[in-house]
Structures are given as C-alpha cells and as structure tokens.
Amino acid sequence: MRIEVEDLVLRYGDVTALDGITLTLEEGKIYGLLGRNGSGKTSLLSVLAAFRRHTAGRVRVDGRPVFENPQVTSRISLIRDVGETVDIGTGEDVLYFAEELRPNWDGDYARALMDMFQINPKQTVKNMSKGQRSAMGIIVGLASRAPLTMFDESYLGLDAPARQLFYDQLLADYMAHPRTIIMSTHLIEEVSALFEEVVIIHRGRVVAHEERDALLAKGVSVTGPAAQVDSFTAGMRVLGSRSLGPTKSAMVYGELDDAQRRKAADAGLELGPIAMQDLFIHLTAEDGAAV
Amino acid sequence: MFDDRSPIYRQIAERIKAEVMSGALKGDEQVMSTNQYAAHYRINPATAAKAFQQLVDEGVLYKKRGIGMFVSPDARERLRAKRRESFFADVVDPMVAEAKATGIPLRDIIRRIEELEGT
Amino acid sequence: MRIPRLLIANGMFALLLWAGFYALVTVLTIGFGLAGRLTHSGWEVAAQLPRWYALFVGVALIREFMPMYIAHGRTRRRFAVDGLITVTLFAPFLAALVTLSYLLESVLYGLAGWPQALTRLHLFTEPTQLPLVFAEYLIEFAAWIPAGALMGAAFYRFRGNGLVVAIPAGALLIITSYAAMGVQPQVPFLFTWLSFDAPGTPLVTVTGGLGVFLAGLLLTWAIIRDIPLRNHVA
C-alpha cells in the first residue's frame, strides 16, 4: 500500500489545514507522524482514509485515487479518538459490524485482545472508561488487518501498561502480517523506537521525512564558549540556542562530516546528540519555517 | 533499553559485540532472530535487521539459511584484535592527555600501572 | 439480496422494544378495561409513539452507522445501498409489528367484550381490516424514517443551518404522506399549518407514499454522497 501525495491541499472554509503536502511512503513500514496540535496530522490521515475529500492536489494509495474507491478504501483503516467504529452499542456489537464490513477481519484475534485489555464484551462502549474505549479502537484497528493501518493518537486514553501491551501487540502482529502502519503521536520518546521512518508535519507542510536513525543523526548540539559556537555554526541551520554565562549551547539540524567534527573538537566545542522529542520541538517551533 | 544518544542499530551492534567479547555469546552459538530481538526490545524489526547485517558485514555473525544467525567462531578473537589495535588511540592517548590537563605526572601513572600488574 | 447486519441489528432491537412496549400497553389497556373506562382501541393511541422511534432510527442511521461504514473502509455509495435495503425492509417490519398489535388487541377486546372503536379518520374503517392497517402504517413509517435520515444528514453536515431547512422539509414530506392517504396529519402542532388536502384515492395514496419515501432518501443521498466525516462528535 504505497502512498503518494502531491501538492495536497485541504481547506475547511477559510482554514487551510494542509498547505501543499508532497510525500511518498513506501509500503510495509511503520511510520511515525509527528506534529503539534493543529499541524495537519489528523487532516492528512483523514484524506488518506477517504474520510474527506481533498481540496487540491493528488492522493494515490496503491497507485489509485482513494475517495469513494472501494477497492482501495476496503484496504485502509484509520482509528481515531472520535471512535466511529466503536461507539455502536456493546463491545460485541462492535465486533459484529466489523466482521461484516472488514474483509480481513480476524474475530478470534479481536476477542483475544479484548481479554488481554480486560474488556467485557457485553458492556456498552459509551459507558466504558476512556482507557477501555481507546482499547476497543485499537483492537478494531489491529484485528482489521488492513494493508494500510493508521492510528491517529488513538491510544492516548490508555494507561502506560496498556500502551506497552498495545506496542507489543502491534509489533508482533506487524511481524506476523506485514503491512503499512502510520502512527501519529505526541508520546514521542515512548514510541519512536517502533518507527522505521519519521514524518514531521508543521502548519500543514512536511518539515522532515527521514529514517528514524537518520533524523536523529541530523540533530547535533554544539556547546562551548559563545563566540566559538557562533562561528562554528555560521551558515548552518540553527534550530535554537541557550546561553548560561559565557557558555552557549546551539542546536543544529544537518549532518556533520568528519572534517567538521574535527574542527569542532579543535575549537574546544562539545558535540552531542539531540533527543527525538527535542528535535521535534525545535523543528516545529512557532518561528520555525518549513524546509 | 536503547536511548537517543546514537542510532539504535549501532547500539544493538555494540551490545552484541560486548556480549561476544565477554563470552556471554560463544562462537557458533545461535543468536535471537531479528524478529525476536525486535519484539524483546520493542524496536522496529528493520532496525534490528540493520544491526545484524552490519555485524554480518563485520564478520561477527554469519547466516545459516533457513535456520538463523550465529556468532562467528572467531568473532571474539576478531573483536579483541580490533580493540587491541585501537586501544592505544582510544584509551591510552586520551588518558595521557587527561593526565596532562589535570597535572598528574606520568611517573605516578606508571607506578600505579606497575602496582596493578601484580593483581 | 444481501441482508445487511445494519438491518438485522435494528430489527432485533425494534423487536425487543416492541415486546416491552406491547406488554406495557396491554397492561394499561387491561387496567382501564377492568376499571370499566375503556371506550376505544388502545393501540390507535399507542401506535402514535412508534413513528418517533422510526424518525430516530432514520437519524441514527446517518449519525451512528454512516461514519462506522466509512471508518471501516466502505464507500458512502455502499452505505446508501445497505441503508436503502434496511429502510425498505424495516418500514414494513415495523408496520407488521403494529398490525400484529392491532390483531392481538382485537382478540383481547373480543374476549373481554370491550369496544375496539376508532377515534379518527384512517385508511381503514375497522381495526380488523389488517391489510389497510398495514398499508397505513407502512406509508407512515416510509415517510418518518427517511425524514429522520434527511434531518440527521443535514445536521451532521451543516449543523444548525442544516436543521433549519431539514426540519420543515422533513415535516413537509411527512405531511404529504398523510395528505396522500387522505387522513389528518399526525405531526406536532408547530407544523400543522403546512398541511393540505389531496384526493384520497388509492392511486394517489400509493404514488404519494412511494414518492415521499423516494424523495426523502434521494435528498438524503444528495447530502451524504461526498459528506466528510466530522473530526469531533457533537
């Protein structure tokens, strides 16, 4: 389920949620989609899942347009907190309809997951706790076995142990039944090891799209005497900096080659990594611009 | 667990190398499959695969088709030889530089080393 | 023809509701009867409630089930087909339940010697004219369910503005149905000014009833054919 998006625009009235997204996602990988609230994550996923039609540009999944195209949409699943697939009657009812509508549905797996998350199938979903309701959403997402499976922050209602259970189940099922998975999240540190590639979106545009490790490698903190730091980082993309007395720490985005590393060492500067979360914060700072 | 200090696949490779060096993993012993590794450490299987491939390229592991990944019989020796090569550049030289920076006379270091030799 | 679970689920629920409702009405009827105060058919009164349920089912189809279909990777077109099958079979199902109620009532009244009299104009002159009873309630539900769907769709897509147009539109559809049957429109007082007269011939009744049914569904389709799913539930 390869995804190809070209100059994608989505407007709601006078709000532009997606401002010209161009992106290609190869099939069979786990992608992390990071972005602040209102960055366009939900909009992008909604368009990919044909929940709404885009305003301009091209969207192709598996080489074909998505909106109202049953051969494609039947192979796509998007689970979000709105709970479209779960706010119907009891847990059993949810599975009842999913079984009819989802071609790859695995009911035994769904029931086993409900046991694992300790959900009573006879309970009405709307009366369940936030955690259990979130779990129902995840269960539908996993058991649907859609070749393109997406989760839009749908696991935030789960407590930490339940989230770990979700990550473990997700990994296990992904390895047993390979498919394309996209997860949008705020809990970056917790999940980032699961991602093969990361897409960062900000103000409706793609700000970064890298292999996870490559993205991390591009973040470097440069610490030392302020003047030295400034001259070293001149011409580089500086995401931000902090000063404490005469010492300055600048965060730079971009790969440093061996020559640059030696130059830094010679100037008495210390180079260090930047945690994924901090990279994200700085790449999506309000005064940051798209690449 | 793995942190953000360096690419995860490199951390995995380092960890396995450490286990080989310490003898925890012996020559011709089978290692976990990439999927098992990914599941156990909760990381993406492609990342685990990358690490294992690097170790295969370096001769630390070898693949037996249809069975799995094994530690090379000479892996430990290889790694130790490499460590020996870089020992002076990676360990001794920085130590001497540090000593000079902190004002410790090299004679004191030599004496200390001689003491430790006995143990 | 495929029987969608949409229909089965709603049908089962309707059956359960009906069983409870029937029991309640029967108990009340017997109570009134034993107290000697029963002068007419109880079901003629009680049967005014199911059409609000029918309206509600129409709304729920759009509000709850349409987003579910789309979130499960089905198209709006497929939902419309399943919805059409559902409504087409659900309306007669409800009408059959009401007809059955009248039938059971006539048995009860007959045994107890109570008068199963009617208090207003219907397609039927006696509650024992089961085919006509069935026809009237079928046409009624075939108006109220699509009206509900129309209102549900208009509100889902256009919110308050949608309702401002859809509620009178739905009311007009319903009133047209009653006019086609030549009976008094059973609608909230607010809308009775919309009522009009029409020749109550069988042809007008059938055409009018069918016409309202199709018009309601077509208008609903016009709204949902490319409807975006809401990001937040109201």
# chains A, B, ... in the order shown; residues from 1 in each chain; ligands from 1

call {"tool": "interface_residues", "arguments": {"of": "chain C", "to": "chain A", "cutoff": "8 Å", "atoms": "only C-alpha atoms", "output": "VMD selection string"}}
result
chain C and resid 5 to 6 64 to 65 67 to 77 226 to 229 231 to 233

call {"tool": "interface_residues", "arguments": {"of": "chain B", "to": "chain A", "cutoff": "12 Å", "atoms": "only C-alpha atoms", "output": "number ranges by chain"}}
result
B: 1-11, 33-51

call {"tool": "residues_around", "arguments": {"residues": "Pro168 of chain C", "least_positions_apart": "3", "cutoff": "10 Å", "atoms": "only C-alpha atoms", "output": "list in words"}}
result
Ala147, Met151, Leu163, Val164, Val165, Ala171, Leu172, Leu173, Ile174, Leu190, Phe191 and Leu194 of chain C

call {"tool": "residues_around", "arguments": {"residues": "His122 of chain C", "least_positions_apart": "6", "cutoff": "8 Å", "atoms": "only C-alpha atoms", "output": "ChimeraX atom specification"}}
result
/C:136,182-183

call {"tool": "atom_distance", "arguments": {"atom1": "atom CA of Ala265 of chain A", "atom2": "atom CA of Gly224 of chain A"}}
result
10.3 Å

call {"tool": "residues_around", "arguments": {"residues": "segment 12-28 of chain B", "least_positions_apart": "6", "cutoff": "8 Å", "atoms": "only C-alpha atoms", "output": "PyMOL selection string"}}
result
chain B and resi 48+51-52+54-55+60+70-76+79-80

call {"tool": "residues_around", "arguments": {"residues": "Leu217 of chain C", "least_positions_apart": "2", "cutoff": "8 Å", "atoms": "only C-alpha atoms", "output": "PyMOL selection string"}}
result
chain C and resi 84+146+149-150+213-215+219-221

call {"tool": "write_last_selection", "arguments": {"atoms": "C-alpha atoms", "output": "mmCIF file, in the first residue's frame"}}
result
data_model
loop_
_atom_site.group_PDB
_atom_site.id
_atom_site.type_symbol
_atom_site.label_atom_id
_atom_site.label_comp_id
_atom_site.auth_asym_id
_atom_site.auth_seq_id
_atom_site.Cartn_x
_atom_site.Cartn_y
_atom_site.Cartn_z
ATOM 1 C CA LEU C 84 -31.826 1.552 1.253
ATOM 2 C CA PRO C 146 -36.412 8.974 5.502
ATOM 3 C CA ALA C 149 -32.367 10.354 7.787
ATOM 4 C CA LEU C 150 -32.682 13.680 5.991
ATOM 5 C CA PHE C 213 -40.223 7.646 0.510
ATOM 6 C CA LEU C 214 -38.031 8.093 -2.544
ATOM 7 C CA ALA C 215 -37.827 11.870 -2.253
ATOM 8 C CA LEU C 219 -32.481 14.221 -0.691
ATOM 9 C CA THR C 220 -30.516 12.361 1.970
ATOM 10 C CA TRP C 221 -28.249 10.852 -0.678
#

call {"tool": "residues_around", "arguments": {"residues": "Gly11 of chain C", "least_positions_apart": "4", "cutoff": "10 Å", "atoms": "only C-alpha atoms", "output": "VMD selection string"}}
result
chain C and resid 5 to 7 15 to 17 86 89 to 90 93 to 94

call {"tool": "write_last_selection", "arguments": {"atoms": "N, CA and C atoms", "output": "mmCIF file, in the first residue's frame"}}
result
data_model
loop_
_atom_site.group_PDB
_atom_site.id
_atom_site.type_symbol
_atom_site.label_atom_id
_atom_site.label_comp_id
_atom_site.auth_asym_id
_atom_site.auth_seq_id
_atom_site.Cartn_x
_atom_site.Cartn_y
_atom_site.Cartn_z
ATOM 1 N N ARG C 5 -26.217 -6.413 8.129
ATOM 2 C CA ARG C 5 -26.327 -6.507 9.591
ATOM 3 C C ARG C 5 -26.928 -5.245 10.166
ATOM 4 N N LEU C 6 -26.836 -4.168 9.421
ATOM 5 C CA LEU C 6 -27.473 -2.907 9.780
ATOM 6 C C LEU C 6 -28.962 -3.152 10.012
ATOM 7 N N LEU C 7 -29.558 -3.914 9.107
ATOM 8 C CA LEU C 7 -30.985 -4.208 9.206
ATOM 9 C C LEU C 7 -31.243 -5.189 10.348
ATOM 10 N N LEU C 15 -37.600 -5.293 17.737
ATOM 11 C CA LEU C 15 -38.403 -6.401 18.263
ATOM 12 C C LEU C 15 -38.431 -6.379 19.789
ATOM 13 N N LEU C 16 -37.249 -6.188 20.365
ATOM 14 C CA LEU C 16 -37.159 -6.114 21.826
ATOM 15 C C LEU C 16 -37.976 -4.948 22.374
ATOM 16 N N LEU C 17 -37.829 -3.794 21.723
ATOM 17 C CA LEU C 17 -38.569 -2.616 22.157
ATOM 18 C C LEU C 17 -40.070 -2.871 22.067
ATOM 19 N N THR C 86 -32.083 -1.604 4.120
ATOM 20 C CA THR C 86 -32.531 -1.584 5.515
ATOM 21 C C THR C 86 -33.857 -0.869 5.666
ATOM 22 N N LEU C 89 -36.908 -2.615 4.085
ATOM 23 C CA LEU C 89 -37.426 -3.779 4.805
ATOM 24 C C LEU C 89 -37.832 -3.444 6.235
ATOM 25 N N PHE C 90 -37.242 -2.404 6.784
ATOM 26 C CA PHE C 90 -37.541 -2.064 8.178
ATOM 27 C C PHE C 90 -38.915 -1.439 8.311
ATOM 28 N N PHE C 93 -41.490 -3.994 8.339
ATOM 29 C CA PHE C 93 -41.319 -4.761 9.571
ATOM 30 C C PHE C 93 -42.024 -4.070 10.734
ATOM 31 N N LEU C 94 -41.777 -2.775 10.866
ATOM 32 C CA LEU C 94 -42.435 -2.008 11.924
ATOM 33 C C LEU C 94 -43.943 -2.009 11.718
#

call {"tool": "atom_distance", "arguments": {"atom1": "atom CA of Asn120 of chain A", "atom2": "atom CA of Ala135 of chain A"}}
result
11.6 Å

call {"tool": "select_by_dssp", "arguments": {"residues": "segment 9-148 of chain C", "states": "alpha helix (DSSP H)", "output": "ChimeraX atom specification"}}
result
/C:9-34,42-46,50-60,66-71,76-112,130-148

call {"tool": "closest_residue", "arguments": {"among": "A:Ala56, A:Ala285, A:Val252, A:Ile181", "to": "Val9 of chain A", "atoms": "only C-alpha atoms"}}
result
A:Ala56
